[in-house]
>>> print(open('target_22.cif').read())   # mmCIF, C-alpha atoms (C1' of nucleotides)
data_my_file
loop_
_atom_site.label_atom_id
_atom_site.label_comp_id
_atom_site.auth_asym_id
_atom_site.auth_seq_id
_atom_site.Cartn_x
_atom_site.Cartn_y
_atom_site.Cartn_z
CA MET A 23 -84.77 -85.22 78.46
CA GLY A 24 -86.61 -84.80 75.18
CA ARG A 25 -86.10 -86.69 71.95
CA ALA A 26 -83.46 -86.02 69.31
CA ILE A 27 -84.23 -83.35 66.72
CA GLN A 28 -85.91 -84.73 63.62
CA ALA A 29 -84.18 -84.44 60.25
CA ARG A 30 -87.39 -82.88 58.95
CA THR A 31 -87.03 -80.04 61.44
CA LEU A 32 -83.55 -79.13 60.28
CA LYS A 33 -84.69 -79.25 56.68
CA THR A 34 -87.62 -76.93 57.29
CA ARG A 35 -85.43 -74.56 59.26
CA ALA A 36 -82.86 -74.47 56.47
CA ARG A 37 -85.58 -73.84 53.89
CA LEU A 38 -86.88 -70.90 55.91
CA ILE A 39 -83.43 -69.36 56.28
CA ASP A 40 -82.61 -69.92 52.61
CA ALA A 41 -85.87 -68.33 51.52
CA ALA A 42 -85.27 -65.35 53.81
CA THR A 43 -81.67 -64.95 52.62
CA GLU A 44 -82.79 -64.91 48.99
CA LEU A 45 -85.52 -62.37 49.67
CA VAL A 46 -83.11 -60.13 51.59
CA ALA A 47 -80.65 -60.32 48.69
CA GLN A 48 -83.46 -59.20 46.39
CA SER A 49 -85.06 -56.38 48.34
CA GLY A 50 -83.13 -55.76 51.56
CA TYR A 51 -83.90 -56.47 55.19
CA GLU A 52 -86.62 -53.91 55.85
CA ALA A 53 -88.83 -55.18 53.02
CA LEU A 54 -88.80 -58.76 54.31
CA ARG A 55 -92.27 -60.16 55.05
CA VAL A 56 -92.85 -63.36 57.02
CA GLU A 57 -95.66 -64.29 54.64
CA GLU A 58 -93.28 -64.14 51.68
CA VAL A 59 -90.68 -66.24 53.50
CA VAL A 60 -93.16 -69.03 54.26
CA LEU A 61 -94.61 -68.84 50.74
CA ARG A 62 -91.16 -69.29 49.21
CA ALA A 63 -90.21 -71.98 51.73
CA GLY A 64 -93.49 -73.80 51.05
CA VAL A 65 -94.64 -74.01 54.67
CA ALA A 66 -97.47 -72.55 56.71
CA LYS A 67 -97.17 -69.34 58.65
CA GLY A 68 -97.41 -71.07 62.00
CA THR A 69 -94.37 -73.17 61.12
CA PHE A 70 -92.24 -70.05 60.93
CA PHE A 71 -93.09 -69.17 64.51
CA ALA A 72 -92.42 -72.71 65.65
CA HIS A 73 -88.84 -72.17 64.46
CA PHE A 74 -88.32 -68.52 65.37
CA LYS A 75 -89.73 -66.77 68.43
CA ASP A 76 -90.62 -63.81 66.24
CA LYS A 77 -89.50 -62.03 63.07
CA ASP A 78 -86.73 -60.29 65.00
CA ALA A 79 -85.23 -63.64 65.95
CA LEU A 80 -84.76 -64.48 62.27
CA MET A 81 -83.27 -61.04 61.64
CA ASP A 82 -80.99 -61.52 64.63
CA GLN A 83 -79.64 -64.67 63.03
CA LEU A 84 -79.32 -63.28 59.50
CA ILE A 85 -77.70 -60.00 60.53
CA GLY A 86 -75.68 -61.52 63.37
CA GLY A 87 -74.26 -64.04 60.92
CA ARG A 88 -73.08 -61.35 58.54
CA LEU A 89 -71.59 -59.27 61.37
CA SER A 90 -69.78 -62.26 62.77
CA ALA A 91 -68.29 -63.12 59.38
CA ILE A 92 -67.06 -59.54 58.96
CA LEU A 93 -65.49 -59.59 62.44
CA ASP A 94 -63.79 -62.91 61.68
CA GLU A 95 -62.14 -61.31 58.66
CA MET A 96 -61.11 -58.33 60.77
CA ASP A 97 -59.56 -60.69 63.27
CA ASP A 98 -57.71 -62.62 60.57
CA GLY A 99 -56.27 -59.47 59.01
CA PRO A 100 -53.16 -57.61 60.21
CA VAL A 101 -53.26 -55.54 63.40
CA PRO A 102 -53.69 -51.86 62.47
CA ARG A 103 -50.82 -49.59 63.49
CA SER A 104 -52.57 -46.23 63.82
CA ALA A 105 -55.96 -44.65 64.40
CA ALA A 106 -56.36 -44.23 60.65
CA GLU A 107 -55.65 -47.91 60.08
CA VAL A 108 -58.13 -48.89 62.80
CA VAL A 109 -60.80 -46.86 61.05
CA HIS A 110 -59.88 -48.43 57.73
CA ALA A 111 -59.98 -51.94 59.15
CA MET A 112 -63.44 -51.30 60.58
CA ARG A 113 -64.84 -50.01 57.30
CA PRO A 114 -66.67 -53.23 56.28
CA LEU A 115 -68.31 -53.44 59.70
CA ILE A 116 -69.57 -49.85 59.56
CA GLN A 117 -70.54 -50.26 55.93
CA PHE A 118 -72.86 -53.16 56.66
CA ALA A 119 -74.22 -51.81 59.94
CA THR A 120 -75.27 -48.57 58.24
CA SER A 121 -76.39 -50.10 54.95
CA GLU A 122 -80.01 -49.77 56.06
CA ARG A 123 -81.52 -47.71 58.84
CA TYR A 124 -83.62 -50.75 59.72
CA VAL A 125 -80.49 -52.88 60.10
CA PHE A 126 -78.78 -50.38 62.39
CA ASP A 127 -81.86 -50.03 64.59
CA LEU A 128 -82.16 -53.79 64.85
CA ILE A 129 -78.50 -54.13 65.79
CA LEU A 130 -78.92 -51.58 68.57
CA ARG A 131 -82.09 -53.24 69.79
CA HIS A 132 -80.31 -56.61 70.02
CA SER A 133 -77.02 -55.34 71.36
CA GLY A 134 -77.91 -56.36 74.90
CA ALA A 135 -79.71 -59.41 76.18
CA ALA A 136 -82.24 -59.44 78.98
CA ALA A 137 -80.88 -62.72 80.33
CA ILE A 138 -77.65 -64.64 79.90
CA GLU A 139 -79.34 -67.61 78.27
CA GLU A 140 -80.97 -65.25 75.77
CA ILE A 141 -77.79 -63.83 74.27
CA GLY A 142 -78.41 -63.90 70.54
CA PRO A 143 -76.12 -63.76 67.49
CA ILE A 144 -76.00 -59.95 67.38
CA ALA A 145 -75.27 -59.61 71.10
CA GLN A 146 -72.46 -62.13 70.57
CA THR A 147 -70.86 -59.91 67.94
CA PHE A 148 -70.59 -57.11 70.48
CA LEU A 149 -68.41 -59.35 72.63
CA GLN A 150 -66.50 -60.33 69.50
CA GLN A 151 -65.91 -56.70 68.59
CA TYR A 152 -64.68 -56.02 72.11
CA GLU A 153 -62.24 -58.91 71.89
CA VAL A 154 -60.86 -57.90 68.49
CA SER A 155 -60.48 -54.31 69.67
CA LEU A 156 -58.78 -55.42 72.88
CA LYS A 157 -56.37 -57.60 70.92
CA TRP A 158 -55.44 -54.63 68.73
CA VAL A 159 -55.14 -52.23 71.62
CA GLN A 160 -52.87 -54.59 73.54
CA HIS A 161 -50.60 -55.17 70.55
CA PRO A 162 -47.30 -53.26 70.77
CA ASP A 163 -47.55 -52.07 67.15
CA LEU A 164 -50.54 -49.91 68.05
CA ARG A 165 -49.39 -47.06 70.29
CA VAL A 166 -52.28 -46.35 72.64
CA ARG A 167 -52.25 -43.97 75.63
CA ASP A 168 -50.74 -45.81 78.57
CA ASP A 169 -52.68 -43.84 81.18
CA ILE A 170 -55.99 -45.52 80.22
CA PRO A 171 -56.53 -49.26 80.75
CA PRO A 172 -56.77 -51.20 77.45
CA GLU A 173 -60.15 -52.68 78.43
CA LEU A 174 -61.60 -49.19 78.66
CA VAL A 175 -60.13 -48.21 75.31
CA ALA A 176 -61.62 -51.32 73.71
CA GLU A 177 -65.03 -50.51 75.18
CA GLY A 178 -64.63 -46.91 74.09
CA ILE A 179 -63.97 -47.96 70.50
CA GLY A 180 -67.33 -49.75 70.59
CA ALA A 181 -69.07 -46.67 71.93
CA PHE A 182 -67.54 -44.47 69.23
CA LEU A 183 -68.45 -46.94 66.50
CA ILE A 184 -72.10 -46.64 67.55
CA GLN A 185 -71.84 -42.89 67.86
CA ALA A 186 -70.26 -42.48 64.42
CA ALA A 187 -72.74 -44.84 62.80
CA SER A 188 -75.78 -43.19 64.34
CA LEU A 189 -74.62 -39.75 63.26
CA GLN A 190 -74.50 -41.20 59.76
CA PHE A 191 -78.29 -41.15 59.74
CA CYS A 192 -78.48 -37.61 61.05
CA ALA A 193 -79.03 -34.86 58.51
CA LEU A 194 -76.97 -32.39 60.54
CA HIS A 195 -73.85 -34.51 60.10
CA ALA A 196 -74.52 -36.19 56.77
CA SER A 197 -71.81 -34.23 54.95
CA VAL A 198 -69.03 -35.98 56.89
CA SER A 199 -68.29 -39.65 56.20
CA VAL A 200 -68.31 -42.20 59.00
CA GLU A 201 -64.58 -42.71 58.63
CA GLU A 202 -63.81 -39.01 58.94
CA ARG A 203 -66.02 -38.80 61.99
CA LEU A 204 -64.54 -41.80 63.74
CA LEU A 205 -60.93 -40.74 63.27
CA PRO A 206 -60.78 -37.80 65.73
CA TYR A 207 -62.52 -39.88 68.39
CA LEU A 208 -59.97 -42.65 68.09
CA GLU A 209 -57.02 -40.30 67.90
CA ALA A 210 -57.96 -39.10 71.38
CA TRP A 211 -56.97 -42.57 72.63
CA PHE A 212 -53.61 -42.64 70.89
CA LYS A 213 -50.31 -41.02 71.64
CA MET B 4 -101.31 -19.91 51.65
CA GLY B 5 -103.64 -22.08 53.71
CA ARG B 6 -106.13 -20.94 56.28
CA ALA B 7 -105.43 -20.26 59.95
CA ILE B 8 -105.51 -23.24 62.34
CA GLN B 9 -108.93 -23.78 63.85
CA ALA B 10 -109.40 -23.62 67.61
CA ARG B 11 -111.06 -27.02 67.34
CA THR B 12 -107.84 -28.49 65.97
CA LEU B 13 -105.79 -27.35 68.93
CA LYS B 14 -108.43 -28.67 71.31
CA THR B 15 -108.50 -32.11 69.69
CA ARG B 16 -104.71 -32.25 69.67
CA ALA B 17 -104.57 -31.32 73.35
CA ARG B 18 -107.21 -33.94 74.18
CA LEU B 19 -105.16 -36.62 72.40
CA ILE B 20 -101.97 -35.67 74.20
CA ASP B 21 -103.73 -35.46 77.56
CA ALA B 22 -105.31 -38.87 77.06
CA ALA B 23 -101.97 -40.36 76.06
CA THR B 24 -100.18 -38.77 79.01
CA GLU B 25 -102.73 -40.18 81.44
CA LEU B 26 -102.50 -43.65 79.93
CA VAL B 27 -98.69 -43.57 80.06
CA ALA B 28 -98.85 -42.50 83.71
CA GLN B 29 -101.08 -45.51 84.35
CA SER B 30 -99.32 -48.28 82.45
CA GLY B 31 -96.08 -46.96 80.94
CA TYR B 32 -95.07 -46.17 77.37
CA GLU B 33 -94.82 -49.64 75.91
CA ALA B 34 -98.42 -50.54 76.81
CA LEU B 35 -99.87 -47.49 75.06
CA ARG B 36 -102.42 -48.35 72.35
CA VAL B 37 -103.64 -45.83 69.79
CA GLU B 38 -107.16 -47.26 70.11
CA GLU B 39 -107.18 -46.52 73.84
CA VAL B 40 -105.92 -43.00 73.28
CA VAL B 41 -108.69 -42.15 70.80
CA LEU B 42 -111.29 -43.85 72.99
CA ARG B 43 -110.29 -41.75 75.98
CA ALA B 44 -110.01 -38.60 73.86
CA GLY B 45 -113.43 -39.28 72.34
CA VAL B 46 -112.36 -39.09 68.68
CA ALA B 47 -112.12 -41.53 65.81
CA LYS B 48 -108.98 -43.46 65.00
CA GLY B 49 -108.40 -41.58 61.77
CA THR B 50 -108.29 -38.30 63.68
CA PHE B 51 -105.24 -39.48 65.57
CA PHE B 52 -103.32 -39.98 62.34
CA ALA B 53 -104.44 -36.58 61.06
CA HIS B 54 -102.60 -35.08 64.04
CA PHE B 55 -99.61 -37.44 64.28
CA LYS B 56 -97.81 -39.03 61.35
CA ASP B 57 -97.72 -42.31 63.27
CA LYS B 58 -97.64 -43.64 66.82
CA ASP B 59 -93.91 -42.95 67.03
CA ALA B 60 -94.52 -39.26 66.39
CA LEU B 61 -96.68 -39.07 69.50
CA MET B 62 -94.05 -40.96 71.48
CA ASP B 63 -91.38 -38.63 70.12
CA GLN B 64 -93.32 -35.69 71.53
CA LEU B 65 -94.13 -37.28 74.91
CA ILE B 66 -90.65 -38.64 75.55
CA GLY B 67 -88.85 -35.69 73.95
CA GLY B 68 -90.80 -33.36 76.23
CA ARG B 69 -89.73 -35.21 79.35
CA LEU B 70 -86.10 -35.38 78.21
CA SER B 71 -86.05 -31.69 77.41
CA ALA B 72 -87.47 -30.80 80.83
CA ILE B 73 -84.81 -32.91 82.53
CA LEU B 74 -82.05 -31.25 80.48
CA ASP B 75 -83.42 -27.81 81.34
CA GLU B 76 -83.07 -28.63 85.01
CA MET B 77 -79.55 -29.92 84.42
CA ASP B 78 -78.70 -26.67 82.68
CA ASP B 79 -80.18 -24.58 85.50
CA GLY B 80 -78.25 -26.47 88.17
CA PRO B 81 -74.65 -25.81 89.17
CA VAL B 82 -71.76 -26.84 86.91
CA PRO B 83 -70.31 -30.14 88.18
CA ARG B 84 -66.68 -29.97 89.30
CA SER B 85 -65.54 -33.56 88.76
CA ALA B 86 -66.31 -36.70 86.81
CA ALA B 87 -68.28 -38.00 89.79
CA GLU B 88 -70.37 -34.85 89.89
CA VAL B 89 -71.02 -35.05 86.16
CA VAL B 90 -72.33 -38.57 86.58
CA HIS B 91 -74.47 -37.45 89.51
CA ALA B 92 -75.88 -34.51 87.58
CA MET B 93 -76.82 -36.81 84.72
CA ARG B 94 -78.61 -39.29 86.95
CA PRO B 95 -82.18 -38.11 86.20
CA LEU B 96 -81.49 -38.26 82.48
CA ILE B 97 -80.17 -41.81 82.63
CA GLN B 98 -82.91 -42.80 85.04
CA PHE B 99 -85.67 -41.80 82.64
CA ALA B 100 -83.95 -43.03 79.48
CA THR B 101 -83.51 -46.50 80.97
CA SER B 102 -86.85 -46.64 82.79
CA GLU B 103 -88.25 -48.86 80.03
CA ARG B 104 -86.45 -50.79 77.34
CA TYR B 105 -89.08 -49.51 74.90
CA VAL B 106 -88.27 -45.90 75.83
CA PHE B 107 -84.54 -46.37 75.33
CA ASP B 108 -85.02 -48.04 71.95
CA LEU B 109 -87.34 -45.26 70.85
CA ILE B 110 -84.83 -42.62 71.93
CA LEU B 111 -82.09 -44.32 69.90
CA ARG B 112 -84.34 -44.67 66.91
CA HIS B 113 -85.18 -40.96 66.99
CA SER B 114 -81.72 -39.69 67.87
CA GLY B 115 -80.99 -38.76 64.28
CA ALA B 116 -83.25 -37.22 61.69
CA ALA B 117 -83.31 -38.19 58.04
CA ALA B 118 -83.77 -34.58 56.96
CA ILE B 119 -83.17 -31.21 58.61
CA GLU B 120 -86.84 -30.24 58.48
CA GLU B 121 -87.74 -33.50 60.18
CA ILE B 122 -85.75 -33.00 63.39
CA GLY B 123 -88.15 -34.06 66.14
CA PRO B 124 -88.29 -33.42 69.89
CA ILE B 125 -85.98 -36.30 70.79
CA ALA B 126 -83.37 -35.39 68.17
CA GLN B 127 -83.48 -31.85 69.58
CA THR B 128 -82.58 -33.14 73.03
CA PHE B 129 -79.38 -34.66 71.63
CA LEU B 130 -78.29 -31.18 70.57
CA GLN B 131 -79.38 -29.89 73.95
CA GLN B 132 -77.32 -32.54 75.74
CA TYR B 133 -74.31 -31.61 73.61
CA GLU B 134 -74.71 -27.94 74.50
CA VAL B 135 -75.08 -28.57 78.23
CA SER B 136 -72.05 -30.90 78.19
CA LEU B 137 -70.01 -28.37 76.20
CA LYS B 138 -70.91 -25.62 78.67
CA TRP B 139 -69.72 -27.79 81.55
CA VAL B 140 -66.57 -28.91 79.78
CA GLN B 141 -65.62 -25.34 78.91
CA HIS B 142 -66.18 -24.11 82.47
CA PRO B 143 -62.94 -23.54 84.41
CA ASP B 144 -64.29 -25.34 87.50
CA LEU B 145 -64.29 -28.62 85.61
CA ARG B 146 -60.71 -29.71 84.93
CA VAL B 147 -60.78 -31.55 81.62
CA ARG B 148 -57.77 -32.77 79.63
CA ASP B 149 -56.46 -29.85 77.64
CA ASP B 150 -55.03 -32.01 74.85
CA ILE B 151 -58.51 -32.91 73.57
CA PRO B 152 -60.81 -30.22 72.10
CA PRO B 153 -63.85 -29.53 74.32
CA GLU B 154 -66.27 -30.22 71.44
CA LEU B 155 -64.91 -33.75 71.16
CA VAL B 156 -65.21 -34.29 74.91
CA ALA B 157 -68.82 -33.08 74.82
CA GLU B 158 -69.60 -35.49 71.98
CA GLY B 159 -67.78 -38.24 73.81
CA ILE B 160 -69.91 -37.75 76.90
CA GLY B 161 -72.97 -38.35 74.71
CA ALA B 162 -71.44 -41.53 73.29
CA PHE B 163 -70.60 -42.85 76.77
CA LEU B 164 -74.09 -42.04 78.05
CA ILE B 165 -75.55 -44.25 75.33
CA GLN B 166 -72.97 -46.94 75.95
CA ALA B 167 -73.60 -47.00 79.71
CA ALA B 168 -77.37 -46.96 79.26
CA SER B 169 -77.39 -49.76 76.72
CA LEU B 170 -75.19 -51.95 78.90
CA GLN B 171 -77.84 -51.46 81.58
CA PHE B 172 -80.09 -53.77 79.58
CA CYS B 173 -77.40 -56.37 79.10
CA ALA B 174 -77.39 -59.33 81.47
CA LEU B 175 -73.60 -59.59 81.35
CA HIS B 176 -73.23 -56.15 82.91
CA ALA B 177 -76.39 -55.89 84.99
CA SER B 178 -74.57 -56.14 88.29
CA VAL B 179 -72.91 -52.75 87.84
CA SER B 180 -75.05 -49.60 88.09
CA VAL B 181 -75.12 -47.09 85.24
CA GLU B 182 -73.38 -44.52 87.41
CA GLU B 183 -70.52 -46.86 88.31
CA ARG B 184 -70.11 -47.76 84.67
CA LEU B 185 -70.12 -44.20 83.40
CA LEU B 186 -67.55 -42.93 85.88
CA PRO B 187 -64.39 -44.63 84.53
CA TYR B 188 -65.30 -43.54 81.00
CA LEU B 189 -65.59 -39.93 82.05
CA GLU B 190 -62.50 -40.01 84.22
CA ALA B 191 -60.53 -40.82 81.08
CA TRP B 192 -61.36 -37.27 79.89
CA PHE B 193 -60.26 -35.55 83.08
CA LYS B 194 -56.89 -34.69 84.49
"C1'" DC C 1 -127.60 -15.09 55.55
"C1'" DG C 2 -126.78 -18.63 51.74
"C1'" DC C 3 -122.93 -20.27 48.93
"C1'" DT C 4 -118.29 -21.91 48.07
"C1'" DT C 5 -114.10 -23.83 49.44
"C1'" DA C 6 -110.79 -25.59 52.51
"C1'" DA C 7 -109.96 -28.17 56.63
"C1'" DA C 8 -111.17 -31.58 60.19
"C1'" DT C 9 -113.36 -35.85 61.37
"C1'" DT C 10 -115.15 -40.39 60.68
"C1'" DG C 11 -115.05 -45.49 60.62
"C1'" DA C 12 -114.85 -49.34 57.57
"C1'" DC C 13 -111.06 -51.49 55.79
"C1'" DC C 14 -106.22 -53.34 54.99
"C1'" DG C 15 -101.44 -55.28 55.97
"C1'" DC C 16 -98.83 -57.91 58.61
"C1'" DG C 17 -96.93 -59.96 62.80
"C1'" DG C 18 -98.17 -63.33 65.93
"C1'" DT C 19 -101.39 -67.21 68.43
"C1'" DC C 20 -103.42 -71.65 69.16
"C1'" DA C 21 -106.45 -75.67 68.98
"C1'" DA C 22 -106.62 -79.24 65.75
"C1'" DT C 23 -104.17 -82.45 62.79
"C1'" DA C 24 -100.40 -85.05 60.80
"C1'" DA C 25 -95.98 -87.14 60.97
"C1'" DT C 26 -92.16 -89.52 63.81
"C1'" DT C 27 -90.28 -92.09 67.15
"C1'" DA C 28 -89.97 -95.71 70.83
"C1'" DA C 29 -91.82 -99.58 73.03
"C1'" DT C 30 -94.42 -103.89 73.15
"C1'" DA D 8 -97.50 -104.30 63.21
"C1'" DT D 9 -99.97 -101.89 66.58
"C1'" DT D 10 -100.12 -98.61 69.90
"C1'" DA D 11 -98.94 -94.72 72.71
"C1'" DA D 12 -96.38 -90.60 73.41
"C1'" DT D 13 -93.81 -86.61 71.25
"C1'" DT D 14 -92.98 -83.42 68.10
"C1'" DA D 15 -93.89 -80.81 63.81
"C1'" DT D 16 -97.17 -78.57 60.84
"C1'" DT D 17 -101.32 -76.28 59.61
"C1'" DG D 18 -104.37 -72.29 58.71
"C1'" DA D 19 -108.19 -69.79 60.56
"C1'" DC D 20 -108.12 -66.18 63.62
"C1'" DC D 21 -106.74 -62.04 66.44
"C1'" DG D 22 -104.49 -57.46 67.75
"C1'" DC D 23 -103.11 -53.32 66.43
"C1'" DG D 24 -100.97 -49.76 63.54
"C1'" DG D 25 -102.11 -47.25 59.64
"C1'" DT D 26 -105.12 -45.67 55.18
"C1'" DC D 27 -108.63 -43.29 52.63
"C1'" DA D 28 -113.01 -42.08 50.38
"C1'" DA D 29 -116.92 -40.07 52.26
"C1'" DT D 30 -118.95 -36.81 55.43
"C1'" DT D 31 -119.24 -32.98 58.62
"C1'" DT D 32 -117.77 -28.63 60.26
"C1'" DA D 33 -115.92 -24.16 59.98
"C1'" DA D 34 -113.99 -20.02 57.46
"C1'" DG D 35 -114.24 -16.49 53.86
"C1'" DC D 36 -117.16 -13.77 50.81
"C1'" DG D 37 -120.91 -11.09 48.32
#
>>> encode(input="target_22.cif", output="structure tokens")
Amino acid sequence: MGRAIQARTLKTRARLIDAATELVAQSGYEALRVEEVVLRAGVAKGTFFAHFKDKDALMDQLIGGRLSAILDEMDDGPVPRSAAEVVHAMRPLIQFATSERYVFDLILRHSGAAAIEEIGPIAQTFLQQYEVSLKWVQHPDLRVRDDIPPELVAEGIGAFLIQAASLQFCALHASVSVEERLLPYLEAWFK
Amino acid sequence: MGRAIQARTLKTRARLIDAATELVAQSGYEALRVEEVVLRAGVAKGTFFAHFKDKDALMDQLIGGRLSAILDEMDDGPVPRSAAEVVHAMRPLIQFATSERYVFDLILRHSGAAAIEEIGPIAQTFLQQYEVSLKWVQHPDLRVRDDIPPELVAEGIGAFLIQAASLQFCALHASVSVEERLLPYLEAWFK
DNA sequence: CGCTTAAATTGACCGCGGTCAATAATTAAT
DNA sequence: ATTAATTATTGACCGCGGTCAATTTAAGCG
């Protein structure tokens, strides 16, 4: 057993995250530089890497936090009653995930974890999305096909979310909005 | 109007690609270093970037080439007659795409193009996959649901391929093989 | 052949993520 | 308080992708 975490450690960690959050608010995720974070936080570069395995680990936390908050709001809201309402309810999620190409790529890259103990904030949100979707799909107000198990439908919604979002960045499909693209996919699950 | 391309240019380009291909065969895609490629090709570092916009552009070509060759073979083979046969026919594609985490991430990152004139080799293969899938789905031997348009089913197969492949890298789902995971998704499209 | 002009090549240099041995600050025990 | 053992912090340094002004090579022309 090691010792308890020092108060200093938590303070430094908070300063790093605050600095990063401010910089992201200013110039977005892609433009974030570790050197600028430590400069603003008033610590040395090495300190950053004592707190985060790498730059991606910080991003995982920042972006995972936002995603989780959005999913919490989705979960608190009313259960959608049609494919169109599902798409509408998922708008904030898609909006954020596709706000920057860099963000979307990072989400994909962190969607799975190599080991159970390594599951990070973003990977968590994929489970969260599955659970919210499953809850909706199992609700009687939402009339889903009864010849496909609800678990599969919930997983399928996740797959289509990714598909719709990734097509967002594709010039061939840029004319159609994410919502319009997602709708026909989802309608295939409904009766 | 510029001048014609020099023979020297083509030779240098070929030497770079050959060197890269050999190095990948030796140690995989992730371990590839631009410095090693130019060393083996016998050119300066700057020359590499005169031929490829960045390292990713080389990877796009190497990986896109392999994917395209695999899809050509899929297209030449017989049309699968069931969900299980579809999964089996797609095995080589999944196999290669999930051979390295780095490869899969790169494929995702290049799946869409920011502008029409920028569509690279990997983005091309997504169209190719769609066309092969559509051909299968429209073939009378494969009995697909008739209440969903074939174009949507073809797109859906692409989405499920990505989903199944990405779960491959997730510890929570590592026990199930990609083929086993893909099958129930596809069966939802069949009658 | 020279001469001009465009294209290809070079390698020193930069930006930035990430490492690590040395140092400083904390804690626990005597 | 003093000491010993942990933990946190530091910043010089490295690896590697990518840039660019300078140089070399080749193509087009009289």
>>> interface_residues(input="target_22.cif", of="chain B", to="chain C", cutoff="8 Å", atoms="all atoms listed in the file", output="NGL selection string")
:B and (6 or 12 or 47-50)
>>> resolve_selection(input="target_22.cif", expression="the PyMOL selection byres ((chain B and resi 39) around 12)", output="JSON, numbers by chain")
{"B": [19, 22, 23, 24, 25, 26, 27, 30, 34, 35, 36, 37, 38, 40, 41, 42, 43, 44, 45, 46, 47, 48, 51], "D": [23]}
>>> closest_atom_pairs(input="target_22.cif", of="chain B", to="chain A", cutoff="6 Å", atoms="only C-alpha atoms", output="Markdown table")
| residue | atom | partner | partner_atom | distance |
| --- | --- | --- | --- | --- |
| B:Gly115 | CA | A:Cys192 | CA | 4.2 |
| B:Ala116 | CA | A:Cys192 | CA | 4.8 |
| B:Ala117 | CA | A:Ala193 | CA | 5.4 |
| B:Ala118 | CA | A:Ala193 | CA | 5.0 |
| B:Ile119 | CA | A:Ala193 | CA | 5.5 |
| B:Ala162 | CA | A:Gln185 | CA | 5.6 |
| B:Gln166 | CA | A:Ala181 | CA | 5.6 |
| B:Phe172 | CA | A:Gly134 | CA | 5.8 |
| B:Cys173 | CA | A:Gly134 | CA | 4.2 |
| B:Ala174 | CA | A:Ala137 | CA | 5.0 |
>>> atom_distance(input="target_22.cif", atom1="atom CA of Glu202 of chain A", atom2="atom CA of Arg146 of chain B")
27.8 Å
>>> closest_atom_pairs(input="target_22.cif", of="chain D", to="chain B", cutoff="10 Å", atoms="all atoms listed in the file", output="Markdown table")
| residue | atom | partner | partner_atom | distance |
| --- | --- | --- | --- | --- |
| D:DC23 | C1' | B:Arg36 | CA | 7.8 |
| D:DG24 | C1' | B:Lys58 | CA | 7.7 |
| D:DG25 | C1' | B:Asp57 | CA | 7.5 |
| D:DT26 | C1' | B:Gly49 | CA | 8.4 |
| D:DC27 | C1' | B:Gly49 | CA | 9.3 |
| D:DT32 | C1' | B:Arg11 | CA | 9.9 |
| D:DA33 | C1' | B:Gln9 | CA | 8.0 |
| D:DA34 | C1' | B:Arg6 | CA | 8.0 |
| D:DG35 | C1' | B:Arg6 | CA | 9.6 |
>>> closest_residue(input="target_22.cif", among="B:Lys138, B:Arg16, B:Arg69, B:His54", to="Ile125 of chain B", atoms="all atoms listed in the file")
B:Arg69
>>> resolve_selection(input="target_22.cif", expression="the PyMOL selection byres ((chain A and resi 201) around 9)", output="list in words")
Ala106, Val109, His110, Met112, Arg113, Ile116, Ala186, Val198, Ser199, Val200, Glu202, Arg203, Leu204 and Leu205 of chain A
>>> resolve_selection(input="target_22.cif", expression="the PyMOL selection byres ((chain A and resi 164) around 8)", output="VMD selection string")
chain A and resid 101 to 104 158 to 163 165 to 166
>>> atom_distance(input="target_22.cif", atom1="atom CA of Gln83 of chain A", atom2="atom CA of Thr101 of chain B")
25.8 Å
>>> atom_distance(input="target_22.cif", atom1="atom CA of Gly31 of chain B", atom2="atom CA of Ala100 of chain B")
12.8 Å
